[in-house]
file data.pdb (PDB, N, CA and C atoms and all ligand atoms)
ATOM      1  N   MET A   1      24.303  11.981  13.390  1.00  0.00           N
ATOM      2  CA  MET A   1      23.339  10.910  13.721  1.00  0.00           C
ATOM      3  C   MET A   1      23.756   9.592  13.097  1.00  0.00           C
ATOM      4  N   ALA A   2      23.716   8.566  13.886  1.00  0.00           N
ATOM      5  CA  ALA A   2      24.016   7.239  13.348  1.00  0.00           C
ATOM      6  C   ALA A   2      22.870   6.784  12.449  1.00  0.00           C
ATOM      7  N   ASN A   3      23.188   5.887  11.562  1.00  0.00           N
ATOM      8  CA  ASN A   3      22.135   5.341  10.710  1.00  0.00           C
ATOM      9  C   ASN A   3      21.115   4.579  11.545  1.00  0.00           C
ATOM     10  N   LYS A   4      19.872   4.917  11.339  1.00  0.00           N
ATOM     11  CA  LYS A   4      18.818   4.146  12.006  1.00  0.00           C
ATOM     12  C   LYS A   4      18.560   2.882  11.209  1.00  0.00           C
ATOM     13  N   PRO A   5      18.223   1.809  11.880  1.00  0.00           N
ATOM     14  CA  PRO A   5      17.841   0.617  11.114  1.00  0.00           C
ATOM     15  C   PRO A   5      16.603   0.927  10.280  1.00  0.00           C
ATOM     16  N   ALA A   6      16.602   0.488   9.050  1.00  0.00           N
ATOM     17  CA  ALA A   6      15.460   0.769   8.183  1.00  0.00           C
ATOM     18  C   ALA A   6      14.227   0.034   8.692  1.00  0.00           C
ATOM     19  N   LYS A   7      13.128   0.743   8.728  1.00  0.00           N
ATOM     20  CA  LYS A   7      11.876   0.092   9.116  1.00  0.00           C
ATOM     21  C   LYS A   7      11.378  -0.766   7.966  1.00  0.00           C
ATOM     22  N   THR A   8      10.828  -1.877   8.312  1.00  0.00           N
ATOM     23  CA  THR A   8      10.246  -2.705   7.262  1.00  0.00           C
ATOM     24  C   THR A   8       8.741  -2.794   7.456  1.00  0.00           C
ATOM     25  N   ARG A   9       8.068  -3.035   6.350  1.00  0.00           N
ATOM     26  CA  ARG A   9       6.622  -3.177   6.351  1.00  0.00           C
ATOM     27  C   ARG A   9       6.267  -4.427   5.565  1.00  0.00           C
ATOM     28  N   MET A  10       5.145  -5.041   5.905  1.00  0.00           N
ATOM     29  CA  MET A  10       4.768  -6.263   5.203  1.00  0.00           C
ATOM     30  C   MET A  10       3.813  -5.948   4.057  1.00  0.00           C
ATOM     31  N   CYS A  11       4.130  -6.542   2.913  1.00  0.00           N
ATOM     32  CA  CYS A  11       3.292  -6.372   1.729  1.00  0.00           C
ATOM     33  C   CYS A  11       1.985  -7.168   1.888  1.00  0.00           C
ATOM     34  N   VAL A  12       0.859  -6.554   1.522  1.00  0.00           N
ATOM     35  CA  VAL A  12      -0.418  -7.262   1.643  1.00  0.00           C
ATOM     36  C   VAL A  12      -0.534  -8.394   0.622  1.00  0.00           C
ATOM     37  N   SER A  13       0.265  -8.362  -0.432  1.00  0.00           N
ATOM     38  CA  SER A  13       0.182  -9.392  -1.472  1.00  0.00           C
ATOM     39  C   SER A  13       1.121 -10.563  -1.208  1.00  0.00           C
ATOM     40  N   CYS A  14       2.419 -10.299  -1.135  1.00  0.00           N
ATOM     41  CA  CYS A  14       3.375 -11.403  -0.998  1.00  0.00           C
ATOM     42  C   CYS A  14       3.699 -11.715   0.467  1.00  0.00           C
ATOM     43  N   ARG A  15       3.227 -10.877   1.386  1.00  0.00           N
ATOM     44  CA  ARG A  15       3.409 -11.094   2.827  1.00  0.00           C
ATOM     45  C   ARG A  15       4.870 -11.092   3.235  1.00  0.00           C
ATOM     46  N   LYS A  16       5.706 -10.489   2.426  1.00  0.00           N
ATOM     47  CA  LYS A  16       7.116 -10.364   2.793  1.00  0.00           C
ATOM     48  C   LYS A  16       7.376  -8.954   3.298  1.00  0.00           C
ATOM     49  N   ALA A  17       8.347  -8.847   4.174  1.00  0.00           N
ATOM     50  CA  ALA A  17       8.698  -7.538   4.717  1.00  0.00           C
ATOM     51  C   ALA A  17       9.802  -6.910   3.880  1.00  0.00           C
ATOM     52  N   HIS A  18       9.624  -5.633   3.594  1.00  0.00           N
ATOM     53  CA  HIS A  18      10.623  -4.882   2.829  1.00  0.00           C
ATOM     54  C   HIS A  18      10.769  -3.510   3.462  1.00  0.00           C
ATOM     55  N   GLY A  19      11.836  -2.833   3.084  1.00  0.00           N
ATOM     56  CA  GLY A  19      12.016  -1.458   3.544  1.00  0.00           C
ATOM     57  C   GLY A  19      10.907  -0.571   2.987  1.00  0.00           C
ATOM     58  N   GLN A  20      10.608   0.466   3.740  1.00  0.00           N
ATOM     59  CA  GLN A  20       9.493   1.326   3.336  1.00  0.00           C
ATOM     60  C   GLN A  20       9.701   1.981   1.979  1.00  0.00           C
ATOM     61  N   ASP A  21      10.973   2.188   1.610  1.00  0.00           N
ATOM     62  CA  ASP A  21      11.209   2.834   0.317  1.00  0.00           C
ATOM     63  C   ASP A  21      10.942   1.901  -0.860  1.00  0.00           C
ATOM     64  N   GLU A  22      10.761   0.622  -0.580  1.00  0.00           N
ATOM     65  CA  GLU A  22      10.429  -0.327  -1.649  1.00  0.00           C
ATOM     66  C   GLU A  22       8.932  -0.580  -1.740  1.00  0.00           C
ATOM     67  N   MET A  23       8.182   0.078  -0.863  1.00  0.00           N
ATOM     68  CA  MET A  23       6.748  -0.165  -0.799  1.00  0.00           C
ATOM     69  C   MET A  23       5.995   1.127  -1.075  1.00  0.00           C
ATOM     70  N   VAL A  24       4.766   0.942  -1.477  1.00  0.00           N
ATOM     71  CA  VAL A  24       3.882   2.092  -1.556  1.00  0.00           C
ATOM     72  C   VAL A  24       2.826   1.926  -0.452  1.00  0.00           C
ATOM     73  N   ARG A  25       2.483   3.028   0.183  1.00  0.00           N
ATOM     74  CA  ARG A  25       1.517   2.959   1.282  1.00  0.00           C
ATOM     75  C   ARG A  25       0.157   3.443   0.795  1.00  0.00           C
ATOM     76  N   LEU A  26      -0.850   2.680   1.189  1.00  0.00           N
ATOM     77  CA  LEU A  26      -2.227   3.133   1.007  1.00  0.00           C
ATOM     78  C   LEU A  26      -2.757   3.425   2.398  1.00  0.00           C
ATOM     79  N   VAL A  27      -3.530   4.463   2.510  1.00  0.00           N
ATOM     80  CA  VAL A  27      -4.028   4.844   3.824  1.00  0.00           C
ATOM     81  C   VAL A  27      -5.547   4.967   3.796  1.00  0.00           C
ATOM     82  N   ARG A  28      -6.148   4.514   4.869  1.00  0.00           N
ATOM     83  CA  ARG A  28      -7.572   4.774   5.066  1.00  0.00           C
ATOM     84  C   ARG A  28      -7.668   5.979   5.998  1.00  0.00           C
ATOM     85  N   THR A  29      -8.155   7.053   5.463  1.00  0.00           N
ATOM     86  CA  THR A  29      -8.216   8.285   6.257  1.00  0.00           C
ATOM     87  C   THR A  29      -9.297   8.153   7.332  1.00  0.00           C
ATOM     88  N   PRO A  30      -9.258   9.024   8.328  1.00  0.00           N
ATOM     89  CA  PRO A  30     -10.311   8.986   9.354  1.00  0.00           C
ATOM     90  C   PRO A  30     -11.709   9.157   8.757  1.00  0.00           C
ATOM     91  N   GLU A  31     -11.794   9.709   7.566  1.00  0.00           N
ATOM     92  CA  GLU A  31     -13.091   9.857   6.902  1.00  0.00           C
ATOM     93  C   GLU A  31     -13.518   8.574   6.187  1.00  0.00           C
ATOM     94  N   GLY A  32     -12.682   7.548   6.217  1.00  0.00           N
ATOM     95  CA  GLY A  32     -13.039   6.283   5.596  1.00  0.00           C
ATOM     96  C   GLY A  32     -12.789   6.229   4.103  1.00  0.00           C
ATOM     97  N   ILE A  33     -11.855   7.035   3.640  1.00  0.00           N
ATOM     98  CA  ILE A  33     -11.502   7.048   2.220  1.00  0.00           C
ATOM     99  C   ILE A  33     -10.106   6.463   2.068  1.00  0.00           C
ATOM    100  N   VAL A  34      -9.970   5.561   1.073  1.00  0.00           N
ATOM    101  CA  VAL A  34      -8.654   4.976   0.821  1.00  0.00           C
ATOM    102  C   VAL A  34      -7.976   5.771  -0.278  1.00  0.00           C
ATOM    103  N   ARG A  35      -6.726   6.121  -0.043  1.00  0.00           N
ATOM    104  CA  ARG A  35      -5.968   6.803  -1.090  1.00  0.00           C
ATOM    105  C   ARG A  35      -4.496   6.475  -0.968  1.00  0.00           C
ATOM    106  N   LEU A  36      -3.780   6.826  -2.031  1.00  0.00           N
ATOM    107  CA  LEU A  36      -2.339   6.631  -2.020  1.00  0.00           C
ATOM    108  C   LEU A  36      -1.707   7.620  -1.059  1.00  0.00           C
ATOM    109  N   ASP A  37      -0.739   7.152  -0.334  1.00  0.00           N
ATOM    110  CA  ASP A  37      -0.024   8.014   0.586  1.00  0.00           C
ATOM    111  C   ASP A  37       1.434   8.013   0.153  1.00  0.00           C
ATOM    112  N   ALA A  38       1.741   8.849  -0.802  1.00  0.00           N
ATOM    113  CA  ALA A  38       3.076   8.835  -1.406  1.00  0.00           C
ATOM    114  C   ALA A  38       4.163   9.152  -0.387  1.00  0.00           C
ATOM    115  N   GLY A  39       3.881  10.024   0.558  1.00  0.00           N
ATOM    116  CA  GLY A  39       4.883  10.402   1.543  1.00  0.00           C
ATOM    117  C   GLY A  39       4.987   9.413   2.686  1.00  0.00           C
ATOM    118  N   GLY A  40       3.982   8.537   2.827  1.00  0.00           N
ATOM    119  CA  GLY A  40       4.002   7.535   3.885  1.00  0.00           C
ATOM    120  C   GLY A  40       3.747   8.084   5.274  1.00  0.00           C
ATOM    121  N   ARG A  41       3.182   9.275   5.362  1.00  0.00           N
ATOM    122  CA  ARG A  41       3.054   9.901   6.674  1.00  0.00           C
ATOM    123  C   ARG A  41       1.629  10.303   7.034  1.00  0.00           C
ATOM    124  N   GLU A  42       0.694   9.960   6.215  1.00  0.00           N
ATOM    125  CA  GLU A  42      -0.667  10.405   6.523  1.00  0.00           C
ATOM    126  C   GLU A  42      -1.247   9.629   7.691  1.00  0.00           C
ATOM    127  N   ASN A  43      -2.099  10.309   8.443  1.00  0.00           N
ATOM    128  CA  ASN A  43      -2.775   9.651   9.551  1.00  0.00           C
ATOM    129  C   ASN A  43      -3.769   8.637   9.034  1.00  0.00           C
ATOM    130  N   GLY A  44      -3.936   7.580   9.785  1.00  0.00           N
ATOM    131  CA  GLY A  44      -4.921   6.576   9.403  1.00  0.00           C
ATOM    132  C   GLY A  44      -4.272   5.216   9.311  1.00  0.00           C
ATOM    133  N   ARG A  45      -5.112   4.225   9.119  1.00  0.00           N
ATOM    134  CA  ARG A  45      -4.620   2.862   9.025  1.00  0.00           C
ATOM    135  C   ARG A  45      -3.985   2.656   7.657  1.00  0.00           C
ATOM    136  N   GLY A  46      -2.808   2.057   7.633  1.00  0.00           N
ATOM    137  CA  GLY A  46      -2.084   1.907   6.383  1.00  0.00           C
ATOM    138  C   GLY A  46      -1.952   0.467   5.930  1.00  0.00           C
ATOM    139  N   ALA A  47      -1.804   0.281   4.637  1.00  0.00           N
ATOM    140  CA  ALA A  47      -1.494  -1.021   4.058  1.00  0.00           C
ATOM    141  C   ALA A  47      -0.380  -0.788   3.042  1.00  0.00           C
ATOM    142  N   TYR A  48       0.503  -1.761   2.930  1.00  0.00           N
ATOM    143  CA  TYR A  48       1.659  -1.591   2.063  1.00  0.00           C
ATOM    144  C   TYR A  48       1.675  -2.633   0.954  1.00  0.00           C
ATOM    145  N   ILE A  49       2.132  -2.195  -0.209  1.00  0.00           N
ATOM    146  CA  ILE A  49       2.297  -3.096  -1.354  1.00  0.00           C
ATOM    147  C   ILE A  49       3.670  -2.836  -1.954  1.00  0.00           C
ATOM    148  N   CYS A  50       4.350  -3.911  -2.374  1.00  0.00           N
ATOM    149  CA  CYS A  50       5.627  -3.746  -3.074  1.00  0.00           C
ATOM    150  C   CYS A  50       5.398  -2.945  -4.354  1.00  0.00           C
ATOM    151  N   LYS A  51       6.428  -2.205  -4.720  1.00  0.00           N
ATOM    152  CA  LYS A  51       6.343  -1.449  -5.968  1.00  0.00           C
ATOM    153  C   LYS A  51       6.715  -2.346  -7.138  1.00  0.00           C
ATOM    154  N   ASN A  52       5.888  -3.335  -7.378  1.00  0.00           N
ATOM    155  CA  ASN A  52       6.104  -4.145  -8.574  1.00  0.00           C
ATOM    156  C   ASN A  52       4.759  -4.652  -9.089  1.00  0.00           C
ATOM    157  N   ARG A  53       4.742  -4.970 -10.364  1.00  0.00           N
ATOM    158  CA  ARG A  53       3.487  -5.304 -11.011  1.00  0.00           C
ATOM    159  C   ARG A  53       2.798  -6.515 -10.380  1.00  0.00           C
ATOM    160  N   ALA A  54       3.586  -7.530 -10.051  1.00  0.00           N
ATOM    161  CA  ALA A  54       2.991  -8.758  -9.523  1.00  0.00           C
ATOM    162  C   ALA A  54       2.201  -8.488  -8.244  1.00  0.00           C
ATOM    163  N   CYS A  55       2.799  -7.734  -7.342  1.00  0.00           N
ATOM    164  CA  CYS A  55       2.123  -7.483  -6.072  1.00  0.00           C
ATOM    165  C   CYS A  55       0.941  -6.536  -6.239  1.00  0.00           C
ATOM    166  N   ILE A  56       1.057  -5.575  -7.110  1.00  0.00           N
ATOM    167  CA  ILE A  56      -0.057  -4.654  -7.349  1.00  0.00           C
ATOM    168  C   ILE A  56      -1.227  -5.407  -7.980  1.00  0.00           C
ATOM    169  N   GLU A  57      -0.923  -6.248  -8.964  1.00  0.00           N
ATOM    170  CA  GLU A  57      -1.984  -7.021  -9.625  1.00  0.00           C
ATOM    171  C   GLU A  57      -2.661  -7.980  -8.656  1.00  0.00           C
ATOM    172  N   LYS A  58      -1.862  -8.627  -7.831  1.00  0.00           N
ATOM    173  CA  LYS A  58      -2.423  -9.583  -6.884  1.00  0.00           C
ATOM    174  C   LYS A  58      -3.302  -8.869  -5.864  1.00  0.00           C
ATOM    175  N   ALA A  59      -2.858  -7.736  -5.404  1.00  0.00           N
ATOM    176  CA  ALA A  59      -3.648  -6.964  -4.444  1.00  0.00           C
ATOM    177  C   ALA A  59      -4.994  -6.594  -5.053  1.00  0.00           C
ATOM    178  N   LYS A  60      -4.968  -6.244  -6.332  1.00  0.00           N
ATOM    179  CA  LYS A  60      -6.197  -5.852  -7.015  1.00  0.00           C
ATOM    180  C   LYS A  60      -7.124  -7.048  -7.191  1.00  0.00           C
ATOM    181  N   LEU A  61      -6.570  -8.143  -7.719  1.00  0.00           N
ATOM    182  CA  LEU A  61      -7.393  -9.314  -8.023  1.00  0.00           C
ATOM    183  C   LEU A  61      -7.975  -9.948  -6.774  1.00  0.00           C
ATOM    184  N   GLU A  62      -7.194  -9.977  -5.726  1.00  0.00           N
ATOM    185  CA  GLU A  62      -7.631 -10.673  -4.507  1.00  0.00           C
ATOM    186  C   GLU A  62      -8.160  -9.716  -3.446  1.00  0.00           C
ATOM    187  N   ARG A  63      -8.283  -8.470  -3.808  1.00  0.00           N
ATOM    188  CA  ARG A  63      -8.837  -7.458  -2.892  1.00  0.00           C
ATOM    189  C   ARG A  63      -8.115  -7.448  -1.552  1.00  0.00           C
ATOM    190  N   ARG A  64      -6.821  -7.511  -1.635  1.00  0.00           N
ATOM    191  CA  ARG A  64      -6.017  -7.572  -0.412  1.00  0.00           C
ATOM    192  C   ARG A  64      -6.097  -6.280   0.397  1.00  0.00           C
ATOM    193  N   VAL A  65      -6.148  -5.177  -0.309  1.00  0.00           N
ATOM    194  CA  VAL A  65      -6.160  -3.897   0.418  1.00  0.00           C
ATOM    195  C   VAL A  65      -7.514  -3.685   1.093  1.00  0.00           C
ATOM    196  N   GLU A  66      -8.573  -4.051   0.387  1.00  0.00           N
ATOM    197  CA  GLU A  66      -9.907  -3.971   0.992  1.00  0.00           C
ATOM    198  C   GLU A  66      -9.946  -4.733   2.313  1.00  0.00           C
ATOM    199  N   ARG A  67      -9.368  -5.908   2.272  1.00  0.00           N
ATOM    200  CA  ARG A  67      -9.397  -6.738   3.478  1.00  0.00           C
ATOM    201  C   ARG A  67      -8.506  -6.164   4.570  1.00  0.00           C
ATOM    202  N   ALA A  68      -7.340  -5.678   4.162  1.00  0.00           N
ATOM    203  CA  ALA A  68      -6.410  -5.141   5.171  1.00  0.00           C
ATOM    204  C   ALA A  68      -6.984  -3.897   5.846  1.00  0.00           C
ATOM    205  N   LEU A  69      -7.710  -3.111   5.078  1.00  0.00           N
ATOM    206  CA  LEU A  69      -8.204  -1.834   5.617  1.00  0.00           C
ATOM    207  C   LEU A  69      -9.691  -1.875   5.960  1.00  0.00           C
ATOM    208  N   SER A  70     -10.350  -2.980   5.648  1.00  0.00           N
ATOM    209  CA  SER A  70     -11.797  -3.101   5.883  1.00  0.00           C
ATOM    210  C   SER A  70     -12.549  -1.930   5.274  1.00  0.00           C
ATOM    211  N   CYS A  71     -12.233  -1.654   4.032  1.00  0.00           N
ATOM    212  CA  CYS A  71     -12.786  -0.470   3.395  1.00  0.00           C
ATOM    213  C   CYS A  71     -12.697  -0.652   1.883  1.00  0.00           C
ATOM    214  N   PRO A  72     -13.707  -0.233   1.129  1.00  0.00           N
ATOM    215  CA  PRO A  72     -13.607  -0.369  -0.331  1.00  0.00           C
ATOM    216  C   PRO A  72     -12.500   0.504  -0.908  1.00  0.00           C
ATOM    217  N   VAL A  73     -11.844  -0.014  -1.935  1.00  0.00           N
ATOM    218  CA  VAL A  73     -10.762   0.732  -2.579  1.00  0.00           C
ATOM    219  C   VAL A  73     -11.222   1.128  -3.981  1.00  0.00           C
ATOM    220  N   PRO A  74     -11.245   2.404  -4.288  1.00  0.00           N
ATOM    221  CA  PRO A  74     -11.677   2.838  -5.622  1.00  0.00           C
ATOM    222  C   PRO A  74     -10.761   2.281  -6.709  1.00  0.00           C
ATOM    223  N   ALA A  75     -11.352   1.945  -7.855  1.00  0.00           N
ATOM    224  CA  ALA A  75     -10.568   1.374  -8.956  1.00  0.00           C
ATOM    225  C   ALA A  75      -9.447   2.314  -9.398  1.00  0.00           C
ATOM    226  N   GLU A  76      -9.677   3.610  -9.260  1.00  0.00           N
ATOM    227  CA  GLU A  76      -8.649   4.574  -9.682  1.00  0.00           C
ATOM    228  C   GLU A  76      -7.346   4.381  -8.916  1.00  0.00           C
ATOM    229  N   ILE A  77      -7.468   3.904  -7.684  1.00  0.00           N
ATOM    230  CA  ILE A  77      -6.258   3.679  -6.882  1.00  0.00           C
ATOM    231  C   ILE A  77      -5.341   2.690  -7.602  1.00  0.00           C
ATOM    232  N   TYR A  78      -5.954   1.619  -8.111  1.00  0.00           N
ATOM    233  CA  TYR A  78      -5.135   0.600  -8.773  1.00  0.00           C
ATOM    234  C   TYR A  78      -4.612   1.101 -10.113  1.00  0.00           C
ATOM    235  N   THR A  79      -5.423   1.909 -10.780  1.00  0.00           N
ATOM    236  CA  THR A  79      -4.951   2.504 -12.031  1.00  0.00           C
ATOM    237  C   THR A  79      -3.714   3.350 -11.764  1.00  0.00           C
ATOM    238  N   GLU A  80      -3.813   4.130 -10.714  1.00  0.00           N
ATOM    239  CA  GLU A  80      -2.711   5.012 -10.369  1.00  0.00           C
ATOM    240  C   GLU A  80      -1.465   4.214  -9.965  1.00  0.00           C
ATOM    241  N   LEU A  81      -1.691   3.179  -9.176  1.00  0.00           N
ATOM    242  CA  LEU A  81      -0.578   2.312  -8.776  1.00  0.00           C
ATOM    243  C   LEU A  81       0.099   1.704  -9.987  1.00  0.00           C
ATOM    244  N   GLY A  82      -0.728   1.212 -10.904  1.00  0.00           N
ATOM    245  CA  GLY A  82      -0.187   0.571 -12.095  1.00  0.00           C
ATOM    246  C   GLY A  82       0.623   1.538 -12.931  1.00  0.00           C
ATOM    247  N   GLU A  83       0.119   2.772 -13.028  1.00  0.00           N
ATOM    248  CA  GLU A  83       0.819   3.758 -13.839  1.00  0.00           C
ATOM    249  C   GLU A  83       2.126   4.188 -13.193  1.00  0.00           C
ATOM    250  N   GLN A  84       2.139   4.245 -11.887  1.00  0.00           N
ATOM    251  CA  GLN A  84       3.312   4.785 -11.216  1.00  0.00           C
ATOM    252  C   GLN A  84       4.367   3.741 -10.889  1.00  0.00           C
ATOM    253  N   TYR A  85       3.919   2.524 -10.579  1.00  0.00           N
ATOM    254  CA  TYR A  85       4.877   1.578  -9.996  1.00  0.00           C
ATOM    255  C   TYR A  85       5.018   0.258 -10.732  1.00  0.00           C
ATOM    256  N   ALA A  86       4.088  -0.069 -11.589  1.00  0.00           N
ATOM    257  CA  ALA A  86       4.149  -1.399 -12.200  1.00  0.00           C
ATOM    258  C   ALA A  86       5.027  -1.378 -13.446  1.00  0.00           C
TER
HETATM  259 ZN    ZN B   1       4.848  -7.818  -2.323  1.00  0.00          ZN
END

call {"tool": "encode", "arguments": {"input": "data.pdb", "output": "C-alpha cells"}}
result
Amino acid sequence: MANKPAKTRMCVSCRKAHGQDEMVRLVRTPEGIVRLDAGGRENGRGAYICKNRACIEKAKLERRVERALSCPVPAEIYTELGEQYA
C-alpha cells in the first residue's frame, strides 16, 4: 500500500490544522456526553486540540470545546488532558 496523505484536523484553540497524531480528539457521544477519544474512532461529533499546554489551557479558559460540540465538558476532561498531554 502506498502512503496515504495524512489527514489533518483543525485545533479548536489555535485554529491551525495538524496531523491527527498531533491532536487529541474529544467526542460527544450520541448520549450527549463529552469524553476523551484516545483512539480517535468513536462515533459522534468530534473536536480536536493540539497536544500542548497552550492549546489545552486556551480551550479550557475560553470554553472552545463546549462551543465546538454544543455540550458541557466536565472539568475532569481538562484535568485528564493536562495530565496526559500538557
Ligand atoms: Zn492548537

call {"tool": "select_by_dssp", "arguments": {"input": "data.pdb", "residues": "chain A", "states": "strand (DSSP E)", "output": "PDB file with N, CA and C atoms, in the coordinates of the input"}}
result
ATOM      1  N   THR A   8      10.828  -1.877   8.312  1.00  0.00           N
ATOM      2  CA  THR A   8      10.246  -2.705   7.262  1.00  0.00           C
ATOM      3  C   THR A   8       8.741  -2.794   7.456  1.00  0.00           C
ATOM      4  N   ARG A   9       8.068  -3.035   6.350  1.00  0.00           N
ATOM      5  CA  ARG A   9       6.622  -3.177   6.351  1.00  0.00           C
ATOM      6  C   ARG A   9       6.267  -4.427   5.565  1.00  0.00           C
ATOM      7  N   MET A  10       5.145  -5.041   5.905  1.00  0.00           N
ATOM      8  CA  MET A  10       4.768  -6.263   5.203  1.00  0.00           C
ATOM      9  C   MET A  10       3.813  -5.948   4.057  1.00  0.00           C
ATOM     10  N   ALA A  17       8.347  -8.847   4.174  1.00  0.00           N
ATOM     11  CA  ALA A  17       8.698  -7.538   4.717  1.00  0.00           C
ATOM     12  C   ALA A  17       9.802  -6.910   3.880  1.00  0.00           C
ATOM     13  N   HIS A  18       9.624  -5.633   3.594  1.00  0.00           N
ATOM     14  CA  HIS A  18      10.623  -4.882   2.829  1.00  0.00           C
ATOM     15  C   HIS A  18      10.769  -3.510   3.462  1.00  0.00           C
ATOM     16  N   GLY A  19      11.836  -2.833   3.084  1.00  0.00           N
ATOM     17  CA  GLY A  19      12.016  -1.458   3.544  1.00  0.00           C
ATOM     18  C   GLY A  19      10.907  -0.571   2.987  1.00  0.00           C
ATOM     19  N   MET A  23       8.182   0.078  -0.863  1.00  0.00           N
ATOM     20  CA  MET A  23       6.748  -0.165  -0.799  1.00  0.00           C
ATOM     21  C   MET A  23       5.995   1.127  -1.075  1.00  0.00           C
ATOM     22  N   VAL A  24       4.766   0.942  -1.477  1.00  0.00           N
ATOM     23  CA  VAL A  24       3.882   2.092  -1.556  1.00  0.00           C
ATOM     24  C   VAL A  24       2.826   1.926  -0.452  1.00  0.00           C
ATOM     25  N   ARG A  25       2.483   3.028   0.183  1.00  0.00           N
ATOM     26  CA  ARG A  25       1.517   2.959   1.282  1.00  0.00           C
ATOM     27  C   ARG A  25       0.157   3.443   0.795  1.00  0.00           C
ATOM     28  N   LEU A  26      -0.850   2.680   1.189  1.00  0.00           N
ATOM     29  CA  LEU A  26      -2.227   3.133   1.007  1.00  0.00           C
ATOM     30  C   LEU A  26      -2.757   3.425   2.398  1.00  0.00           C
ATOM     31  N   VAL A  27      -3.530   4.463   2.510  1.00  0.00           N
ATOM     32  CA  VAL A  27      -4.028   4.844   3.824  1.00  0.00           C
ATOM     33  C   VAL A  27      -5.547   4.967   3.796  1.00  0.00           C
ATOM     34  N   ARG A  28      -6.148   4.514   4.869  1.00  0.00           N
ATOM     35  CA  ARG A  28      -7.572   4.774   5.066  1.00  0.00           C
ATOM     36  C   ARG A  28      -7.668   5.979   5.998  1.00  0.00           C
ATOM     37  N   VAL A  34      -9.970   5.561   1.073  1.00  0.00           N
ATOM     38  CA  VAL A  34      -8.654   4.976   0.821  1.00  0.00           C
ATOM     39  C   VAL A  34      -7.976   5.771  -0.278  1.00  0.00           C
ATOM     40  N   ARG A  35      -6.726   6.121  -0.043  1.00  0.00           N
ATOM     41  CA  ARG A  35      -5.968   6.803  -1.090  1.00  0.00           C
ATOM     42  C   ARG A  35      -4.496   6.475  -0.968  1.00  0.00           C
ATOM     43  N   LEU A  36      -3.780   6.826  -2.031  1.00  0.00           N
ATOM     44  CA  LEU A  36      -2.339   6.631  -2.020  1.00  0.00           C
ATOM     45  C   LEU A  36      -1.707   7.620  -1.059  1.00  0.00           C
ATOM     46  N   ASP A  37      -0.739   7.152  -0.334  1.00  0.00           N
ATOM     47  CA  ASP A  37      -0.024   8.014   0.586  1.00  0.00           C
ATOM     48  C   ASP A  37       1.434   8.013   0.153  1.00  0.00           C
ATOM     49  N   ARG A  45      -5.112   4.225   9.119  1.00  0.00           N
ATOM     50  CA  ARG A  45      -4.620   2.862   9.025  1.00  0.00           C
ATOM     51  C   ARG A  45      -3.985   2.656   7.657  1.00  0.00           C
ATOM     52  N   GLY A  46      -2.808   2.057   7.633  1.00  0.00           N
ATOM     53  CA  GLY A  46      -2.084   1.907   6.383  1.00  0.00           C
ATOM     54  C   GLY A  46      -1.952   0.467   5.930  1.00  0.00           C
ATOM     55  N   ALA A  47      -1.804   0.281   4.637  1.00  0.00           N
ATOM     56  CA  ALA A  47      -1.494  -1.021   4.058  1.00  0.00           C
ATOM     57  C   ALA A  47      -0.380  -0.788   3.042  1.00  0.00           C
ATOM     58  N   TYR A  48       0.503  -1.761   2.930  1.00  0.00           N
ATOM     59  CA  TYR A  48       1.659  -1.591   2.063  1.00  0.00           C
ATOM     60  C   TYR A  48       1.675  -2.633   0.954  1.00  0.00           C
ATOM     61  N   ILE A  49       2.132  -2.195  -0.209  1.00  0.00           N
ATOM     62  CA  ILE A  49       2.297  -3.096  -1.354  1.00  0.00           C
ATOM     63  C   ILE A  49       3.670  -2.836  -1.954  1.00  0.00           C
ATOM     64  N   CYS A  50       4.350  -3.911  -2.374  1.00  0.00           N
ATOM     65  CA  CYS A  50       5.627  -3.746  -3.074  1.00  0.00           C
ATOM     66  C   CYS A  50       5.398  -2.945  -4.354  1.00  0.00           C
TER      67      CYS A  50
END

call {"tool": "residues_around", "arguments": {"input": "data.pdb", "residues": "Gly40 of chain A", "least_positions_apart": "3", "cutoff": "9 Å", "atoms": "only C-alpha atoms", "output": "list in words"}}
result
Gln20, Val24, Arg25, Leu26, Val27, Leu36, Asp37 and Gly46 of chain A

call {"tool": "atom_distance", "arguments": {"input": "data.pdb", "atom1": "atom CA of Ala68 of chain A", "atom2": "atom CA of Ala17 of chain A"}}
result
15.3 Å

call {"tool": "residues_near_ligand", "arguments": {"input": "data.pdb", "ligand": "ligand ZN 1 (chain B)", "cutoff": "8 Å", "atoms": "all atoms listed in the file", "output": "PyMOL selection string"}}
result
chain A and resi 10-18+48-52+54-56

call {"tool": "resolve_selection", "arguments": {"input": "data.pdb", "expression": "the PyMOL selection byres (((chain A and resi 78-85) around 6) and not hetatm)", "output": "list in words"}}
result
Lys51, Asn52, Arg53, Pro74, Ala75, Glu76, Ile77 and Ala86 of chain A

call {"tool": "closest_residue", "arguments": {"input": "data.pdb", "among": "A:Lys58, A:Arg64, A:Arg41, A:Arg9", "to": "Met23 of chain A", "atoms": "all atoms listed in the file"}}
result
A:Arg9

call {"tool": "atom_distance", "arguments": {"input": "data.pdb", "atom1": "atom N of Lys60 of chain A", "atom2": "atom N of Val34 of chain A"}}
result
14.8 Å

call {"tool": "atom_distance", "arguments": {"input": "data.pdb", "atom1": "atom CA of Arg28 of chain A", "atom2": "atom CA of Leu69 of chain A"}}
result
6.7 Å

call {"tool": "closest_residue", "arguments": {"input": "data.pdb", "among": "A:Arg67, A:Val73, A:Glu62, A:Glu22", "to": "Arg35 of chain A", "atoms": "all atoms listed in the file"}}
result
A:Val73

call {"tool": "axis_aligned_box", "arguments": {"input": "data.pdb", "around": "segment 58-66 of chain A", "padding_each_side": "8 Å", "output": "JSON"}}
result
{"center_x": -5.9, "center_y": -7.2, "center_z": -2.9, "size_x": 24.1, "size_y": 23.0, "size_z": 26.3}

call {"tool": "select_by_dssp", "arguments": {"input": "data.pdb", "residues": "chain A", "states": "alpha helix (DSSP H)", "output": "list in words"}}
result
Arg53, Ala54, Cys55, Ile56, Glu57, Lys58, Ala59, Lys60, Leu61, Arg64, Val65, Glu66, Arg67, Ala68, Leu69, Ala75, Glu76, Ile77, Tyr78, Thr79, Glu80, Leu81, Gly82, Glu83, Gln84 and Tyr85 of chain A

call {"tool": "residues_around", "arguments": {"input": "data.pdb", "residues": "Gly32 of chain A", "least_positions_apart": "5", "cutoff": "10 Å", "atoms": "only C-alpha atoms", "output": "VMD selection string"}}
result
chain A and resid 27 44 to 45 69 to 72
